[in-house]
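A.B. asks: Below are the structure tokens for one structure; questions will follow.
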Amino acid sequence: MSQDLSVSVWRSETNAFQEFAVPAQKNQTILDVVSWIQANSDPTLSYRFACRVGMCGSCAMMVNGEPRWTCRTHVKKVLKSNNLEIGPLRNLPVVKDLATDMDPFFDKWVEAKGVFESTKTRHDDMEPIIPDAPERMAASAAIECINCAVCYAACDSVSGNAEYLGPAALNRAWSLVNDVRDGAYEERLEAASGAGGCHNCHSQGGCTAYCPNELNPSASIAGLKKETSRNWFGWGRS
Amino acid sequence: MIKPHRNHPLWFAFLLHRVSGVVLALFLPVHFYVLALALTDPAGLNGFLSLTENIWVKIAEFGLVFLLAAHMLGGLRLMALEWLPWSDRQKTFAVTAVAGAFAISCSFFLSAVQ
């Protein structure tokens with residue numbers, strides 16, 4: 001690969017894509033491409049990243065129209081006819097160029113009661129956690145979310161309904177619903193099934209298809225739908 | 001035309017369910033109107049039913065039966081997704097629903113043209 005890559009990058013100042021030629025490398029991620037442009041072609045290009053190893057969830061962008069974590073997306077996996085189109089994540093306001101304002105995303109975590117509510121005090125003994133207990137496995141299934149908002153950008157229900165909490169917040173709520181140590185079961189189900197809650201999901205599965213950590217927010221949302229119904233009938237967790 | 005982030009099987013299952021639902025919502029009032037002709041205008045009903053001998057009407061009925069069956073089987077998949085324990089085989093279920101709808105509509109078409 002010696003040919004230059006033809007890269008279109010979204011610029012908020014002109015509200016249009018700008019073309020850059022970037023030297024192709026044998027091993028190269030999308031974040032490498034964006035960083036090269038900022039370092040060598042245009043230092044005014046704004047984007048966000050931190051860890052570069054798929055842990056912090058900072059660097060997600062739209063790549064050729066699909067949401068991806070750019071630090072772990074190799075160019076050769078997504079290159080189309082030597083072209084790349086890189087834009088800011090869908091469904092979030094743009095701060096500048098490729099950097100989006102994540103506030104609405106995290107506000108919805110809070111709205112979905114994504115904060116653990118302990119049933120114990122510092123004076124109680126620690127709750128033993130048995131990794132292979134069924135209830136712990138259910139809680140752990142959704143727990144490795146890195147808050148990258150790739151699922152949020154992939155979701156057409158979010159696009160169509162600004163109030164919808166979105167896959168990541170509901171995935172978090174489902175994890176806590178399954179956590180037997182948590183003491184806010186009723187409040188959380190109420191938060192997760194209100195006007196912007198789980199019942200807005202159209203089960204399109206984009207969140208699960210694109211989650212870079214291979215989590216399954218679709219299953220979490222289906223679980224919340226089922227649990228809110230069970231609870232309504234009086235069969236929920238006591 | 002289809003945006004890249006929508007290019008996966010379950011989004012197409014959603015699209016089929018939505019389109020078939022809208023088409024059926026438009027069809028049903030016409031269907032009930034035609035049925036009501038049996039009481040209000042039997043001769044008119046017979047005249048209308050003679051249209052069904054036309055091959056193009058039979059082909060349109062094939063499409064209608066396909067959409068009806070796809071909506072029914074796709075709806076069963078969604079109800080199972082929301083009410084039964086989660087299964088990771090959603091793509092398989094969606095494809096099976098489409099295949100089942102195709103089999104039902106083909107059976108209808110074959111019996112209509114024989």
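Naming scheme: A, B, ... for chains in displayed order of the structure tokens; residues 1 onward per chain; ligands 1 onward as shown.
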Might you pull out every residue within 12 Å of range 104-108 of chain B, with only C-alpha atoms counted and same-chain residues fewer than 6 positions away left off, and present them as JSON, numbers by chain?

C.D. replies: {"B": [58, 59, 60, 61, 62, 63, 64, 65, 66, 67, 68, 69, 70, 72, 73, 97, 98, 114]}

A.B. asks: Please build the interface table for chain A against chain B with a cut-off of 12 Å, listing for each qualifying residue the nearest atom pair and the distance in Å to one decimal; count only C-alpha atoms, order rows by chain and increasing number, and write it as CSV.

C.D. replies:
residue,atom,partner,partner_atom,distance
A:Met62,CA,B:His5,CA,9.1
A:Val63,CA,B:Pro4,CA,9.6
A:Asn64,CA,B:Pro4,CA,7.4
A:Gly65,CA,B:Pro4,CA,5.3
A:Glu66,CA,B:His5,CA,4.8
A:Pro67,CA,B:His5,CA,7.2
A:Arg68,CA,B:His5,CA,10.2
A:Val78,CA,B:Pro4,CA,11.7
A:Glu85,CA,B:Pro4,CA,11.7
A:Leu89,CA,B:His5,CA,11.4
A:Arg90,CA,B:His5,CA,10.1
A:Ala138,CA,B:Trp86,CA,11.6
A:Val150,CA,B:His5,CA,10.7
A:Cys151,CA,B:His5,CA,10.5
A:Tyr152,CA,B:His5,CA,11.6
A:Ala153,CA,B:His5,CA,9.0
A:Ala154,CA,B:His5,CA,6.2
A:Cys155,CA,B:His5,CA,8.8
A:Asp156,CA,B:Arg6,CA,8.7
A:Ser157,CA,B:Trp11,CA,11.6
A:Cys198,CA,B:Glu82,CA,10.9
A:His199,CA,B:Glu82,CA,10.0
A:Cys201,CA,B:Glu82,CA,10.7
A:His202,CA,B:Phe14,CA,7.5
A:Ser203,CA,B:Phe14,CA,7.4
A:Gln204,CA,B:Trp11,CA,4.8
A:Gly205,CA,B:Leu10,CA,5.9
A:Gly206,CA,B:Arg6,CA,7.2
A:Cys207,CA,B:His5,CA,10.0
A:Thr208,CA,B:Leu10,CA,10.2
A:Ala209,CA,B:His8,CA,7.6
A:Tyr210,CA,B:His5,CA,8.5
A:Leu215,CA,B:Asp88,CA,11.7
A:Asn216,CA,B:Asp88,CA,9.2
A:Pro217,CA,B:Trp86,CA,11.6
A:Ser218,CA,B:Trp86,CA,9.5
A:Ala219,CA,B:Trp86,CA,6.3
A:Ser220,CA,B:Trp86,CA,9.1
A:Ile221,CA,B:Glu82,CA,8.8
A:Ala222,CA,B:Glu82,CA,5.2
A:Gly223,CA,B:Glu82,CA,7.3
A:Leu224,CA,B:Glu82,CA,8.9
A:Lys225,CA,B:Glu82,CA,6.5
A:Lys226,CA,B:Trp83,CA,5.7
A:Glu227,CA,B:Trp83,CA,9.3
A:Thr228,CA,B:Glu82,CA,10.9
A:Ser229,CA,B:Trp83,CA,9.0
A:Arg230,CA,B:Trp83,CA,9.6

A.B. asks: For C-alpha atoms, I'd like the residues from the last selection saved as a short mmCIF file (atom, residue, chain, number, x, y, z; two decimals), in the first residue's frame.

C.D. replies:
data_model
loop_
_atom_site.label_atom_id
_atom_site.label_comp_id
_atom_site.auth_asym_id
_atom_site.auth_seq_id
_atom_site.Cartn_x
_atom_site.Cartn_y
_atom_site.Cartn_z
CA MET A 62 -19.05 7.85 11.44
CA VAL A 63 -16.80 6.04 8.98
CA ASN A 64 -18.26 5.57 5.50
CA GLY A 65 -21.68 6.18 7.06
CA GLU A 66 -21.31 3.61 9.85
CA PRO A 67 -20.55 4.36 13.53
CA ARG A 68 -17.21 2.91 14.62
CA VAL A 78 -13.54 -0.23 5.83
CA GLU A 85 -15.56 9.38 4.54
CA LEU A 89 -21.35 10.65 15.27
CA ARG A 90 -25.03 10.78 14.29
CA ALA A 138 -27.28 -11.53 33.95
CA VAL A 150 -21.69 3.98 18.77
CA CYS A 151 -25.04 2.31 19.58
CA TYR A 152 -26.64 5.71 20.11
CA ALA A 153 -25.44 6.85 16.68
CA ALA A 154 -26.64 3.62 15.03
CA CYS A 155 -30.16 3.89 16.46
CA ASP A 156 -32.97 5.21 14.25
CA SER A 157 -35.32 5.32 17.25
CA CYS A 198 -37.57 1.04 26.47
CA HIS A 199 -40.98 0.73 24.82
CA CYS A 201 -37.40 0.68 20.77
CA HIS A 202 -38.36 -0.71 17.32
CA SER A 203 -36.04 -3.72 17.68
CA GLN A 204 -34.03 -2.79 14.58
CA GLY A 205 -30.91 -4.21 16.21
CA GLY A 206 -28.47 -1.53 14.98
CA CYS A 207 -27.09 -1.12 18.52
CA THR A 208 -26.15 -4.79 18.73
CA ALA A 209 -24.87 -4.91 15.15
CA TYR A 210 -22.42 -2.05 15.76
CA LEU A 215 -22.58 -6.27 23.92
CA ASN A 216 -26.25 -6.84 23.16
CA PRO A 217 -28.32 -3.75 24.02
CA SER A 218 -31.22 -5.22 21.99
CA ALA A 219 -31.44 -8.08 24.49
CA SER A 220 -31.17 -5.64 27.40
CA ILE A 221 -34.02 -3.50 26.06
CA ALA A 222 -36.14 -6.60 25.40
CA GLY A 223 -35.37 -7.65 28.98
CA LEU A 224 -36.55 -4.26 30.28
CA LYS A 225 -39.75 -4.49 28.23
CA LYS A 226 -40.45 -7.91 29.70
CA GLU A 227 -39.53 -6.91 33.24
CA THR A 228 -41.69 -3.77 33.22
CA SER A 229 -44.62 -5.89 32.03
CA ARG A 230 -43.94 -8.56 34.67
#

A.B. asks: Counting only C-alpha atoms, which residue out of A:Leu176, A:Val34, A:Leu165, A:Val7 sits closest to Ala149 in chain A?

C.D. replies: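 So, comparing all the options, the nearest one is A:Leu165.
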
A.B. asks: Please provide as a list of chain:residue names all residues within 9 Å of range 178-183 of chain A, with the sequence filter that same-chain residues fewer than 3 positions apart are discarded (counting only C-alpha atoms).

C.D. replies: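 Within the cut-off, the hits are A:Phe116, A:Glu117, A:Ser118, A:Thr119, A:Lys120, A:Glu127, A:Glu135, A:Arg136, A:Met137, A:Ala138, A:Ala139, A:Ser140, A:Ala173, A:Trp174, A:Ser175, A:Glu186.
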
A.B. asks: Give me the residues near range 21-36 of chain B as a list in words, where near means some atom within 9 Å (using only C-alpha atoms) and where sequence neighbours in that chain fewer than 2 positions away do not count.

C.D. replies: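 Neighbouring residues, sequence-local ones excluded: Leu16, His17, Arg18, Val19, Ala38, Leu39, Thr40, Asp41, Leu45, Phe48, Leu64, Leu67, Leu68 and His71 of chain B.
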
A.B. asks: For Ala16 in chain A, which residue among A:Gly236, A:Pro212, A:Gly160, A:Gly87 is the nearest when counting only C-alpha atoms?

C.D. replies: A:Gly87
